>>> print(open('upload-v3.cif').read())   # mmCIF, C-alpha atoms
data_coords
#
loop_
_atom_site.label_atom_id
_atom_site.label_comp_id
_atom_site.auth_asym_id
_atom_site.auth_seq_id
_atom_site.Cartn_x
_atom_site.Cartn_y
_atom_site.Cartn_z
CA MET F 1 -27.43 4.52 -9.09
CA LYS F 2 -28.01 2.69 -12.30
CA ASN F 3 -27.28 4.06 -15.76
CA ASN F 4 -24.62 6.47 -14.45
CA LYS F 5 -22.31 5.35 -17.28
CA PRO F 6 -19.17 4.58 -15.19
CA TRP F 7 -17.05 4.02 -18.31
CA TYR F 8 -17.51 7.71 -19.12
CA TRP F 9 -16.24 9.10 -15.82
CA ILE F 10 -14.15 6.54 -13.87
CA PRO F 11 -11.09 6.69 -16.20
CA VAL F 12 -10.89 10.48 -16.29
CA LEU F 13 -11.70 10.93 -12.59
CA ASN F 14 -8.79 8.67 -11.63
CA PHE F 15 -6.51 10.27 -14.21
CA ALA F 16 -7.30 13.61 -12.51
CA SER F 17 -6.22 12.10 -9.16
CA GLY F 18 -2.88 10.76 -10.35
CA LEU F 19 -1.66 13.64 -12.53
CA PRO F 20 -1.39 16.28 -9.74
CA TYR F 21 0.46 13.77 -7.53
CA ALA F 22 2.97 13.04 -10.31
CA ILE F 23 3.56 16.75 -10.95
CA ILE F 24 3.88 17.72 -7.27
CA ILE F 25 6.01 14.80 -6.06
CA SER F 26 8.08 13.81 -9.13
CA VAL F 27 8.06 16.45 -11.86
CA SER F 28 8.76 19.25 -9.37
CA VAL F 29 12.08 17.53 -8.56
CA ILE F 30 13.10 17.55 -12.24
CA MET F 31 11.94 21.15 -12.69
CA TYR F 32 13.81 22.47 -9.65
CA LYS F 33 16.95 20.53 -10.57
CA ASN F 34 16.95 22.11 -14.03
CA LEU F 35 16.34 25.54 -12.52
CA GLY F 36 19.48 25.31 -10.37
CA ILE F 37 18.09 24.34 -6.96
CA SER F 38 20.52 22.31 -4.81
CA ASN F 39 19.97 18.64 -3.97
CA GLU F 40 19.66 19.52 -0.27
CA ASP F 41 16.84 21.98 -0.88
CA ILE F 42 15.14 19.65 -3.34
CA GLY F 43 15.24 16.82 -0.79
CA ILE F 44 13.85 18.90 2.07
CA TYR F 45 11.19 20.99 0.42
CA THR F 46 9.78 18.59 -2.15
CA SER F 47 9.57 15.91 0.58
CA LEU F 48 7.50 18.30 2.69
CA LEU F 49 4.99 18.28 -0.14
CA TYR F 50 4.08 14.76 1.04
CA LEU F 51 2.61 16.24 4.23
CA PRO F 52 -0.97 16.70 2.98
CA TRP F 53 -1.16 12.98 2.14
CA VAL F 54 0.22 12.21 5.63
CA ILE F 55 -2.42 14.21 7.50
CA LYS F 56 -5.40 13.83 5.18
CA PRO F 57 -7.16 11.46 7.66
CA LEU F 58 -7.47 14.47 10.00
CA TRP F 59 -9.79 16.40 7.70
CA SER F 60 -11.34 13.57 5.68
CA PRO F 61 -14.41 13.50 8.03
CA PHE F 62 -15.25 17.06 6.92
CA ILE F 63 -15.48 15.83 3.35
CA ASP F 64 -17.98 13.25 4.56
CA LEU F 65 -19.98 15.74 6.64
CA TYR F 66 -20.18 18.81 4.43
CA SER F 67 -21.53 19.04 0.88
CA THR F 68 -21.17 16.16 -1.60
CA LYS F 69 -18.11 14.26 -2.78
CA ARG F 70 -18.79 15.48 -6.32
CA LYS F 71 -18.68 19.14 -5.30
CA TRP F 72 -15.54 18.50 -3.29
CA PHE F 73 -13.51 16.86 -6.06
CA LEU F 74 -14.67 19.34 -8.71
CA SER F 75 -13.71 22.32 -6.56
CA MET F 76 -10.38 20.73 -5.59
CA GLN F 77 -9.51 19.94 -9.21
CA PHE F 78 -10.28 23.51 -10.21
CA LEU F 79 -8.08 24.78 -7.36
CA ILE F 80 -5.25 22.51 -8.53
CA SER F 81 -5.59 23.93 -12.04
CA ILE F 82 -5.28 27.50 -10.78
CA ALA F 83 -2.30 26.62 -8.55
CA PHE F 84 -0.34 25.03 -11.42
CA ILE F 85 -1.00 27.99 -13.73
CA ILE F 86 0.21 30.40 -11.03
CA VAL F 87 3.34 28.27 -10.50
CA GLY F 88 4.02 28.74 -14.21
CA PHE F 89 3.77 32.52 -13.91
CA THR F 90 6.03 32.61 -10.81
CA ILE F 91 8.99 30.74 -12.37
CA PRO F 92 10.48 33.80 -14.16
CA MET F 93 10.54 35.69 -10.83
CA SER F 94 13.76 36.04 -8.83
CA ASN F 95 12.19 34.46 -5.72
CA PHE F 96 10.33 31.79 -7.70
CA PHE F 97 11.43 28.90 -5.45
CA ILE F 98 9.56 30.04 -2.33
CA ILE F 99 6.50 31.29 -4.20
CA SER F 100 6.18 28.21 -6.41
CA LEU F 101 6.56 25.94 -3.37
CA ALA F 102 3.69 27.79 -1.67
CA PHE F 103 1.39 27.11 -4.62
CA PHE F 104 2.60 23.51 -4.89
CA TRP F 105 1.59 23.21 -1.24
CA MET F 106 -1.85 24.55 -2.07
CA ALA F 107 -2.11 22.07 -4.93
CA ALA F 108 -0.91 19.23 -2.65
CA PHE F 109 -3.63 19.87 -0.04
CA ALA F 110 -6.22 20.14 -2.80
CA SER F 111 -4.92 16.93 -4.42
CA ALA F 112 -5.06 14.96 -1.16
CA SER F 113 -8.63 16.20 -0.63
CA ASN F 114 -9.47 15.32 -4.22
CA ASP F 115 -8.25 11.76 -3.58
CA VAL F 116 -10.47 11.38 -0.49
CA ALA F 117 -13.53 12.76 -2.29
CA SER F 118 -12.94 10.71 -5.45
CA ASP F 119 -12.52 7.47 -3.47
CA GLY F 120 -15.69 8.23 -1.51
CA PHE F 121 -17.65 9.06 -4.66
CA TYR F 122 -16.50 5.82 -6.27
CA MET F 123 -17.88 3.79 -3.36
CA ILE F 124 -21.15 5.75 -3.33
CA ALA F 125 -21.84 5.87 -7.07
CA LEU F 126 -21.22 2.17 -7.78
CA GLU F 127 -22.69 -1.06 -6.47
CA LYS F 128 -20.35 -3.58 -4.82
CA ASP F 129 -20.00 -5.78 -7.90
CA GLU F 130 -19.28 -2.71 -10.04
CA GLN F 131 -16.63 -1.53 -7.59
CA SER F 132 -14.78 -4.84 -7.92
CA PHE F 133 -15.06 -4.78 -11.72
CA PHE F 134 -13.69 -1.24 -12.07
CA LEU F 135 -10.76 -1.64 -9.64
CA GLY F 136 -8.44 -2.53 -12.51
CA ILE F 137 -9.70 0.38 -14.62
CA ARG F 138 -9.05 2.81 -11.77
CA SER F 139 -5.52 1.49 -11.28
CA THR F 140 -4.74 1.53 -15.00
CA PHE F 141 -5.76 5.16 -15.53
CA TYR F 142 -4.04 6.28 -12.33
CA ARG F 143 -0.84 4.76 -13.66
CA LEU F 144 -1.44 6.31 -17.08
CA SER F 145 -1.61 9.70 -15.38
CA MET F 146 1.76 8.98 -13.77
CA LEU F 147 3.08 8.08 -17.24
CA THR F 148 1.75 11.39 -18.56
CA GLY F 149 3.37 13.37 -15.75
CA ASN F 150 6.73 11.63 -15.58
CA GLY F 151 6.88 11.03 -19.33
CA LEU F 152 4.97 13.40 -21.58
CA ILE F 153 5.16 16.50 -19.34
CA VAL F 154 8.90 16.01 -18.74
CA ILE F 155 9.47 15.49 -22.47
CA ILE F 156 7.57 18.73 -23.17
CA GLY F 157 9.71 20.55 -20.61
CA GLY F 158 12.89 19.16 -22.19
CA TYR F 159 11.74 20.05 -25.69
CA LEU F 160 10.95 23.64 -24.67
CA GLU F 161 14.37 23.90 -22.97
CA GLN F 162 16.01 23.11 -26.29
CA GLU F 163 13.57 25.22 -28.29
CA TYR F 164 13.98 28.43 -26.27
CA GLY F 165 17.41 27.90 -24.73
CA ASP F 166 15.89 29.29 -21.54
CA LYS F 167 14.99 26.81 -18.79
CA GLN F 168 12.89 29.29 -16.82
CA LYS F 169 10.77 30.13 -19.84
CA ALA F 170 10.51 26.44 -20.77
CA TRP F 171 9.25 25.33 -17.35
CA SER F 172 7.00 28.36 -17.02
CA TYR F 173 5.17 27.33 -20.19
CA THR F 174 5.23 23.67 -19.14
CA MET F 175 3.48 24.34 -15.82
CA ILE F 176 0.90 26.56 -17.52
CA ILE F 177 0.21 23.69 -19.94
CA VAL F 178 -0.25 21.34 -16.96
CA GLY F 179 -2.71 23.79 -15.40
CA LEU F 180 -4.69 23.96 -18.63
CA ILE F 181 -4.78 20.15 -18.86
CA MET F 182 -6.17 20.00 -15.31
CA THR F 183 -8.78 22.61 -16.26
CA ILE F 184 -9.92 20.48 -19.19
CA LEU F 185 -10.14 17.41 -16.93
CA THR F 186 -12.18 19.37 -14.39
CA VAL F 187 -14.64 20.58 -17.01
CA TYR F 188 -15.01 17.05 -18.38
CA ASN F 189 -15.65 15.64 -14.90
CA PHE F 190 -18.24 18.34 -14.29
CA PHE F 191 -20.31 17.11 -17.23
CA ALA F 192 -19.48 13.37 -17.06
CA THR F 193 -19.82 12.46 -13.37
CA PRO F 194 -23.36 11.53 -12.26
CA LYS F 195 -25.33 13.73 -9.88
CA THR F 196 -26.67 10.82 -7.87
CA GLU F 197 -25.11 11.49 -4.50
CA ILE F 198 -27.63 13.61 -2.53
CA SER F 199 -29.43 10.81 -0.69
CA GLN F 200 -26.22 8.91 -0.05
CA SER F 201 -24.60 12.08 1.27
CA ARG F 202 -27.35 12.43 3.85
CA GLU F 203 -26.90 8.82 4.88
CA THR F 204 -23.18 9.44 5.29
CA ILE F 205 -23.86 12.48 7.48
CA ASN F 206 -26.23 10.49 9.70
CA THR F 207 -23.70 7.68 10.05
CA ALA F 208 -20.81 10.05 10.78
CA SER F 209 -22.90 11.91 13.35
CA ASN F 210 -23.57 8.72 15.27
CA LYS F 211 -19.94 7.70 15.49
CA SER F 212 -17.19 9.88 16.90
CA PHE F 213 -14.14 10.20 14.70
CA ILE F 214 -12.01 10.15 17.85
CA VAL F 215 -13.36 6.67 18.68
CA VAL F 216 -12.59 5.47 15.15
CA PHE F 217 -9.12 7.02 15.33
CA ALA F 218 -8.38 5.45 18.72
CA SER F 219 -9.59 2.01 17.64
CA PHE F 220 -6.85 1.89 15.00
CA PHE F 221 -4.19 1.94 17.72
CA LYS F 222 -5.82 -1.00 19.51
CA LYS F 223 -5.16 -3.41 16.67
CA LYS F 224 -3.05 -6.51 17.20
CA GLN F 225 0.73 -5.94 16.93
CA ILE F 226 0.10 -2.23 16.34
CA SER F 227 3.59 -1.12 17.48
CA LEU F 228 5.25 -3.61 15.14
CA VAL F 229 2.79 -2.76 12.36
CA LEU F 230 3.51 0.97 12.59
CA ALA F 231 7.26 0.36 12.69
CA PHE F 232 6.98 -1.79 9.56
CA ILE F 233 4.82 0.79 7.72
CA LEU F 234 7.22 3.62 8.60
CA LEU F 235 10.44 1.72 7.80
CA PHE F 236 9.43 -0.41 4.82
CA ARG F 237 10.01 2.47 2.36
CA LEU F 238 13.04 3.94 4.17
CA GLY F 239 15.33 3.21 1.23
CA GLU F 240 12.82 3.93 -1.51
CA SER F 241 11.88 7.33 -0.04
CA GLN F 242 15.48 8.51 -0.45
CA LEU F 243 16.00 6.81 -3.81
CA LEU F 244 12.99 8.55 -5.38
CA LYS F 245 14.18 12.02 -4.37
CA MET F 246 17.77 11.69 -5.58
CA LEU F 247 17.28 9.46 -8.62
CA THR F 248 16.37 12.29 -11.00
CA PRO F 249 19.28 14.53 -9.84
CA PHE F 250 21.58 11.50 -10.35
CA LEU F 251 20.33 11.01 -13.91
CA ILE F 252 20.65 14.73 -14.78
CA ASP F 253 23.82 15.74 -12.89
CA ASP F 254 27.04 15.97 -14.89
CA ILE F 255 29.43 13.03 -14.87
CA THR F 256 32.07 15.24 -13.19
CA VAL F 257 29.94 15.33 -10.02
CA GLY F 258 29.00 11.66 -10.17
CA GLY F 259 25.79 11.88 -12.23
CA LEU F 260 24.96 10.33 -15.59
CA GLY F 261 24.62 13.57 -17.56
CA LEU F 262 21.29 12.81 -19.25
CA THR F 263 19.06 15.47 -20.78
CA THR F 264 15.59 16.24 -19.44
CA GLN F 265 14.06 14.56 -22.50
CA ASP F 266 16.16 11.43 -21.85
CA VAL F 267 14.77 11.26 -18.32
CA GLY F 268 11.23 11.72 -19.59
CA ILE F 269 11.58 8.90 -22.10
CA ILE F 270 13.46 6.44 -19.87
CA TYR F 271 11.78 6.94 -16.54
CA GLY F 272 8.40 8.25 -17.57
CA THR F 273 7.59 5.81 -20.37
CA PHE F 274 9.55 2.56 -20.16
CA GLY F 275 9.76 2.91 -16.39
CA VAL F 276 6.05 3.44 -15.81
CA LEU F 277 5.13 0.69 -18.29
CA SER F 278 7.36 -1.69 -16.33
CA LEU F 279 5.75 -0.45 -13.11
CA THR F 280 2.28 -1.19 -14.50
CA ILE F 281 3.20 -4.69 -15.69
CA GLY F 282 4.85 -5.47 -12.35
CA GLY F 283 1.81 -4.22 -10.43
CA ILE F 284 -0.59 -6.32 -12.51
CA LEU F 285 1.52 -9.48 -12.10
CA GLY F 286 1.89 -8.80 -8.37
CA GLY F 287 -1.87 -8.57 -7.96
CA ILE F 288 -2.40 -11.78 -9.95
CA ALA F 289 0.20 -13.64 -7.85
CA ILE F 290 -1.37 -12.63 -4.53
CA SER F 291 -4.90 -13.39 -5.75
CA LYS F 292 -3.76 -16.86 -6.78
CA ASP F 293 -1.64 -17.93 -3.80
CA GLY F 294 -2.28 -15.43 -0.99
CA LEU F 295 -0.03 -12.85 0.68
CA GLY F 296 1.92 -15.33 2.82
CA LYS F 297 3.64 -17.06 -0.10
CA TRP F 298 4.64 -13.83 -1.85
CA MET F 299 5.52 -11.34 0.90
CA LEU F 300 9.26 -12.15 1.06
CA PRO F 301 9.82 -12.65 -2.70
CA MET F 302 7.99 -9.41 -3.46
CA ILE F 303 9.98 -7.40 -0.90
CA LEU F 304 13.22 -8.77 -2.40
CA ALA F 305 11.99 -7.98 -5.94
CA MET F 306 11.32 -4.42 -4.84
CA HIS F 307 14.69 -3.78 -3.20
CA LEU F 308 17.33 -5.85 -5.01
CA PRO F 309 17.25 -3.72 -8.22
CA ILE F 310 18.82 -0.88 -6.21
CA ILE F 311 22.07 -2.76 -6.79
CA GLY F 312 21.77 -1.65 -10.42
CA PHE F 313 22.02 2.03 -9.41
CA ILE F 314 25.05 1.24 -7.24
CA LEU F 315 26.72 -0.20 -10.35
CA LEU F 316 25.69 2.74 -12.54
CA ALA F 317 27.07 5.23 -10.01
CA HIS F 318 30.41 3.42 -9.75
CA PHE F 319 31.03 2.44 -13.39
CA HIS F 320 29.14 5.09 -15.44
CA PRO F 321 28.61 2.86 -18.50
CA ALA F 322 28.81 4.60 -21.86
CA SER F 323 25.76 2.89 -23.29
CA ILE F 324 22.38 4.34 -22.34
CA TYR F 325 20.88 0.85 -22.61
CA TYR F 326 22.37 -0.08 -19.23
CA ILE F 327 20.39 2.80 -17.76
CA TYR F 328 17.24 1.61 -19.54
CA ALA F 329 17.72 -1.90 -18.16
CA THR F 330 18.32 -0.68 -14.61
CA VAL F 331 15.27 1.60 -14.55
CA ILE F 332 13.05 -1.07 -16.12
CA ALA F 333 14.20 -3.65 -13.56
CA GLU F 334 13.76 -1.23 -10.65
CA GLN F 335 10.29 -0.11 -11.73
CA PHE F 336 9.09 -3.63 -12.48
CA GLY F 337 10.36 -4.81 -9.09
CA TYR F 338 8.72 -1.84 -7.40
CA GLY F 339 5.35 -2.51 -9.05
CA PHE F 340 5.56 -6.23 -8.31
CA GLY F 341 6.73 -5.81 -4.71
CA PHE F 342 4.54 -2.87 -3.74
CA ALA F 343 1.45 -5.02 -4.34
CA ALA F 344 2.39 -7.02 -1.23
CA PHE F 345 2.79 -3.91 0.90
CA MET F 346 -0.56 -2.46 -0.18
CA MET F 347 -2.30 -5.79 0.40
CA TYR F 348 -0.86 -5.85 3.89
CA LEU F 349 -2.23 -2.34 4.53
CA ILE F 350 -5.66 -3.60 3.43
CA TYR F 351 -5.31 -6.39 6.00
CA VAL F 352 -4.33 -3.89 8.71
CA ALA F 353 -7.39 -1.77 7.91
CA ASP F 354 -9.77 -4.72 7.67
CA GLY F 355 -12.76 -4.76 10.02
CA GLU F 356 -15.04 -2.06 11.33
CA SER F 357 -14.22 1.47 10.11
CA LYS F 358 -11.91 0.02 7.46
CA THR F 359 -12.12 3.10 5.24
CA SER F 360 -10.91 5.43 8.00
CA HIS F 361 -8.29 2.92 9.15
CA TYR F 362 -6.99 2.53 5.60
CA ALA F 363 -6.65 6.31 5.38
CA LEU F 364 -4.67 6.26 8.64
CA ALA F 365 -2.42 3.43 7.41
CA THR F 366 -1.66 5.24 4.15
CA GLY F 367 -1.06 8.42 6.15
CA PHE F 368 1.68 6.68 8.14
CA MET F 369 3.01 5.31 4.85
CA ALA F 370 3.28 8.85 3.49
CA LEU F 371 5.02 9.94 6.71
CA GLY F 372 7.57 7.17 6.14
CA MET F 373 8.21 8.67 2.70
CA MET F 374 8.36 12.30 3.79
CA LEU F 375 10.82 12.27 6.71
CA PRO F 376 13.69 10.27 5.11
CA GLY F 377 13.17 12.12 1.83
CA MET F 378 13.80 15.42 3.61
CA LEU F 379 17.28 14.24 4.61
CA SER F 380 18.14 12.52 1.32
CA GLY F 381 19.77 15.57 -0.27
CA PHE F 382 22.11 16.11 2.69
CA ILE F 383 23.01 12.42 2.81
CA GLN F 384 23.69 12.31 -0.94
CA GLU F 385 25.89 15.43 -0.85
CA TYR F 386 27.87 14.01 2.08
CA LEU F 387 28.32 10.49 0.68
CA GLY F 388 28.37 11.11 -3.08
CA TYR F 389 26.13 9.17 -5.43
CA GLY F 390 28.04 5.88 -5.31
CA ASN F 391 28.01 5.53 -1.52
CA PHE F 392 24.52 7.05 -1.31
CA PHE F 393 22.99 4.18 -3.28
CA ILE F 394 24.82 1.70 -1.04
CA TRP F 395 23.26 3.44 1.94
CA VAL F 396 19.83 3.32 0.28
CA PHE F 397 20.19 -0.42 -0.22
CA LEU F 398 21.17 -0.92 3.44
CA ALA F 399 18.18 1.18 4.50
CA THR F 400 15.85 -1.48 3.05
CA ILE F 401 17.03 -4.08 5.58
CA PRO F 402 15.01 -2.95 8.68
CA GLY F 403 11.70 -3.27 6.82
CA LEU F 404 12.71 -6.69 5.51
CA ILE F 405 13.56 -7.91 9.02
CA LEU F 406 10.33 -6.55 10.54
CA SER F 407 8.24 -8.24 7.84
CA ARG F 408 9.32 -11.64 9.16
CA PHE F 409 7.63 -10.97 12.52
CA LEU F 410 4.25 -9.83 11.19
CA ILE F 411 1.25 -12.03 11.89
CA TYR F 412 -1.48 -12.22 9.24
CA PRO F 413 -3.52 -14.93 7.47
CA LYS F 414 -1.19 -16.47 4.92
CA ASP F 415 -4.04 -16.83 2.42
CA PHE F 416 -5.17 -13.20 2.81
CA GLY F 417 -6.05 -11.76 -0.60
CA LYS F 418 -6.07 -15.19 -2.23
CA LYS F 419 -9.47 -15.04 -3.84
CA THR F 420 -10.15 -11.36 -4.29
CA GLN F 421 -8.54 -8.00 -3.75
CA GLU F 422 -11.05 -5.39 -2.85
CA LYS F 423 -9.99 -1.83 -2.27
CA SER F 424 -11.04 -0.47 1.06
#
>>> encode(input="upload-v3.cif", output="structure tokens")
Amino acid sequence: MKNNKPWYWIPVLNFASGLPYAIIISVSVIMYKNLGISNEDIGIYTSLLYLPWVIKPLWSPFIDLYSTKRKWFLSMQFLISIAFIIVGFTIPMSNFFIISLAFFWMAAFASASNDVASDGFYMIALEKDEQSFFLGIRSTFYRLSMLTGNGLIVIIGGYLEQEYGDKQKAWSYTMIIVGLIMTILTVYNFFATPKTEISQSRETINTASNKSFIVVFASFFKKKQISLVLAFILLFRLGESQLLKMLTPFLIDDITVGGLGLTTQDVGIIYGTFGVLSLTIGGILGGIAISKDGLGKWMLPMILAMHLPIIGFILLAHFHPASIYYIYATVIAEQFGYGFGFAAFMMYLIYVADGESKTSHYALATGFMALGMMLPGMLSGFIQEYLGYGNFFIWVFLATIPGLILSRFLIYPKDFGKKTQEKS
């Protein structure tokens, strides 16, 4: 496993994991909004795109049992590339919404599988000390991919809208560009990732054969406080799941219907650059805080840091300030708070998964997390249309309260994560 040159492949492999997620979950919302799709349909159908990340624990054993992780993530990345290019060609069609959603679904299943295979390859191709060292590198390049998707790709889409005066043509070209970028990443990973997995793959097959996945699955539901734990995981992001789906429509919608009337390029610059940079800084500081003092000291402050900035969107929706700098400040505060606070939630999921079969249990925990994002997000468009943006953001803020209350009843070692944070 030595001399596999991890600096050459770890950054790009993780970039190739984050970019499809950003396009499928976030950029698709902006694209459909600009192409005239209603908030209700955006909320329902783009939230359903979370489903593959919800149920990925169900097929992750097959990735362990058949072929190698390297072949899996290369084939999945290539499939994602093809799906995005086809989405680009479907946009000029009259029934583009249904057809493009079908290929986004294909890309979503491939992306979830790519995540499982990439995580597995990372643990196989590196020694334990190397895994710890490269955790920060993985996180940094994953976030950079989100910056590229929510920033650069959105800016390109906005520029092409102005250049051609035709939103369908603009987003058609934009999605084809995304597909070509993914193709380049796939080709690079083909040549850069080491082919050192064969013996480890056989070991994985032998281990998986000796232990029933059903037993591993069932053992997760025997954990201490499991009912409370699942309720917390499902409800913690109840407000955020709705905020994320309706935030872009709020920024783009005309002031006459309660929005802020920004251009697509404005959204790309504000949310995809300054926002993601704030998210990255918040995440780094959150990790440092927990590693220094432990989860117990920071759980409540981090949850409050994550949810209180929603008040800023309530104010924006009610007062519609003329200066764009108020919008900058609100997005920066919200994204910083999200990055800082989400570190506590992810550390708690690592605690929940800790013990025997922690990799499978972590996949299950994150699956329930994705379910908690998908279901409320599906209803967010209907709720927003019924309440209007001003009252919708008040509702979103109130929806954060159940998770906050449940967090006070969780039992865990207060110093958990104090010395080191190791990804399961």
>>> atom_distance(input="upload-v3.cif", atom1="CA of Pro194 in chain F", atom2="CA of Lys5 in chain F")
8.0 Å
>>> residues_around(input="upload-v3.cif", residues="Met346 in chain F", least_positions_apart="3", cutoff="12 Å", atoms="all atoms listed in the file", output="mmCIF file with C-alpha atoms, in the frame of the given file")
data_model
loop_
_atom_site.group_PDB
_atom_site.id
_atom_site.type_symbol
_atom_site.label_atom_id
_atom_site.label_comp_id
_atom_site.auth_asym_id
_atom_site.auth_seq_id
_atom_site.Cartn_x
_atom_site.Cartn_y
_atom_site.Cartn_z
ATOM 1 C CA ILE F 233 4.820 0.790 7.720
ATOM 2 C CA PHE F 236 9.430 -0.410 4.820
ATOM 3 C CA ARG F 237 10.010 2.470 2.360
ATOM 4 C CA GLY F 283 1.810 -4.220 -10.430
ATOM 5 C CA GLY F 286 1.890 -8.800 -8.370
ATOM 6 C CA GLY F 287 -1.870 -8.570 -7.960
ATOM 7 C CA ILE F 290 -1.370 -12.630 -4.530
ATOM 8 C CA LEU F 295 -0.030 -12.850 0.680
ATOM 9 C CA MET F 299 5.520 -11.340 0.900
ATOM 10 C CA MET F 302 7.990 -9.410 -3.460
ATOM 11 C CA ILE F 303 9.980 -7.400 -0.900
ATOM 12 C CA TYR F 338 8.720 -1.840 -7.400
ATOM 13 C CA GLY F 339 5.350 -2.510 -9.050
ATOM 14 C CA PHE F 340 5.560 -6.230 -8.310
ATOM 15 C CA GLY F 341 6.730 -5.810 -4.710
ATOM 16 C CA PHE F 342 4.540 -2.870 -3.740
ATOM 17 C CA ALA F 343 1.450 -5.020 -4.340
ATOM 18 C CA LEU F 349 -2.230 -2.340 4.530
ATOM 19 C CA ILE F 350 -5.660 -3.600 3.430
ATOM 20 C CA TYR F 351 -5.310 -6.390 6.000
ATOM 21 C CA VAL F 352 -4.330 -3.890 8.710
ATOM 22 C CA ALA F 353 -7.390 -1.770 7.910
ATOM 23 C CA TYR F 362 -6.990 2.530 5.600
ATOM 24 C CA ALA F 365 -2.420 3.430 7.410
ATOM 25 C CA THR F 366 -1.660 5.240 4.150
ATOM 26 C CA MET F 369 3.010 5.310 4.850
ATOM 27 C CA GLY F 417 -6.050 -11.760 -0.600
ATOM 28 C CA GLN F 421 -8.540 -8.000 -3.750
ATOM 29 C CA GLU F 422 -11.050 -5.390 -2.850
ATOM 30 C CA LYS F 423 -9.990 -1.830 -2.270
ATOM 31 C CA SER F 424 -11.040 -0.470 1.060
#
>>> residues_around(input="upload-v3.cif", residues="Asp254 in chain F", least_positions_apart="5", cutoff="12 Å", atoms="all atoms listed in the file", output="list in words")
Lys33, Asn34, Thr248, Pro249, Gly259, Leu260, Gly261, Leu262, Thr263, Ala317, His320 and Tyr389 of chain F
>>> closest_residue(input="upload-v3.cif", among="F:Phe103, F:Phe313, F:Leu13, F:Asp293", to="Leu74 in chain F", atoms="only C-alpha atoms")
F:Leu13
>>> closest_residue(input="upload-v3.cif", among="F:Tyr122, F:Ala218, F:Phe104, F:Phe393", to="Asn4 in chain F", atoms="all atoms listed in the file")
F:Tyr122
>>> resolve_selection(input="upload-v3.cif", expression="the PyMOL selection byres ((chain F and resi 17-19) around 8)", output="list of chain:residue names")
F:Leu13, F:Asn14, F:Phe15, F:Ala16, F:Pro20, F:Tyr21, F:Ala22, F:Ile23, F:Ser111, F:Asn114, F:Asp115, F:Ser118, F:Tyr142, F:Arg143, F:Ser145, F:Met146, F:Thr148, F:Gly149
>>> residues_around(input="upload-v3.cif", residues="range 264-274 of chain F", least_positions_apart="6", cutoff="8 Å", atoms="all atoms listed in the file", output="JSON, numbers by chain")
{"F": [30, 146, 147, 148, 149, 150, 151, 152, 153, 154, 155, 156, 157, 158, 159, 248, 251, 252, 328, 331, 332]}
>>> write_last_selection(input="upload-v3.cif", atoms="C-alpha atoms", output="JSON list (two decimals), in the coordinates of the input")
[["chain", "number", "residue", "atom", "x", "y", "z"],
["F", 30, "ILE", "CA", 13.10, 17.55, -12.24],
["F", 146, "MET", "CA", 1.76, 8.98, -13.77],
["F", 147, "LEU", "CA", 3.08, 8.08, -17.24],
["F", 148, "THR", "CA", 1.75, 11.39, -18.56],
["F", 149, "GLY", "CA", 3.37, 13.37, -15.75],
["F", 150, "ASN", "CA", 6.73, 11.63, -15.58],
["F", 151, "GLY", "CA", 6.88, 11.03, -19.33],
["F", 152, "LEU", "CA", 4.97, 13.40, -21.58],
["F", 153, "ILE", "CA", 5.16, 16.50, -19.34],
["F", 154, "VAL", "CA", 8.90, 16.01, -18.74],
["F", 155, "ILE", "CA", 9.47, 15.49, -22.47],
["F", 156, "ILE", "CA", 7.57, 18.73, -23.17],
["F", 157, "GLY", "CA", 9.71, 20.55, -20.61],
["F", 158, "GLY", "CA", 12.89, 19.16, -22.19],
["F", 159, "TYR", "CA", 11.74, 20.05, -25.69],
["F", 248, "THR", "CA", 16.37, 12.29, -11.00],
["F", 251, "LEU", "CA", 20.33, 11.01, -13.91],
["F", 252, "ILE", "CA", 20.65, 14.73, -14.78],
["F", 328, "TYR", "CA", 17.24, 1.61, -19.54],
["F", 331, "VAL", "CA", 15.27, 1.60, -14.55],
["F", 332, "ILE", "CA", 13.05, -1.07, -16.12]]
>>> atom_distance(input="upload-v3.cif", atom1="CA of Ile80 in chain F", atom2="CA of Thr46 in chain F")
16.8 Å
>>> residues_around(input="upload-v3.cif", residues="Leu243 in chain F", least_positions_apart="3", cutoff="12 Å", atoms="all atoms listed in the file", output="PyMOL selection string")
chain F and resi 26+43+47+237-240+246-251+307+309-311+313-314+331+334-335+338+373+376-381+383-384+389+392-400
>>> atom_distance(input="upload-v3.cif", atom1="CA of Ser75 in chain F", atom2="CA of Val187 in chain F")
10.6 Å
>>> resolve_selection(input="upload-v3.cif", expression="the PyMOL selection byres ((chain F and resi 32) around 10)", output="short mmCIF file (atom, residue, chain, number, x, y, z; two decimals) with C-alpha atoms, in the coordinates of the input")
data_model
loop_
_atom_site.label_atom_id
_atom_site.label_comp_id
_atom_site.auth_asym_id
_atom_site.auth_seq_id
_atom_site.Cartn_x
_atom_site.Cartn_y
_atom_site.Cartn_z
CA VAL F 27 8.06 16.45 -11.86
CA SER F 28 8.76 19.25 -9.37
CA VAL F 29 12.08 17.53 -8.56
CA ILE F 30 13.10 17.55 -12.24
CA MET F 31 11.94 21.15 -12.69
CA LYS F 33 16.95 20.53 -10.57
CA ASN F 34 16.95 22.11 -14.03
CA LEU F 35 16.34 25.54 -12.52
CA GLY F 36 19.48 25.31 -10.37
CA ILE F 37 18.09 24.34 -6.96
CA SER F 38 20.52 22.31 -4.81
CA ASN F 39 19.97 18.64 -3.97
CA ASP F 41 16.84 21.98 -0.88
CA ILE F 42 15.14 19.65 -3.34
CA THR F 46 9.78 18.59 -2.15
CA ILE F 91 8.99 30.74 -12.37
CA PHE F 97 11.43 28.90 -5.45
CA GLN F 168 12.89 29.29 -16.82
CA TRP F 171 9.25 25.33 -17.35
CA PRO F 249 19.28 14.53 -9.84
#
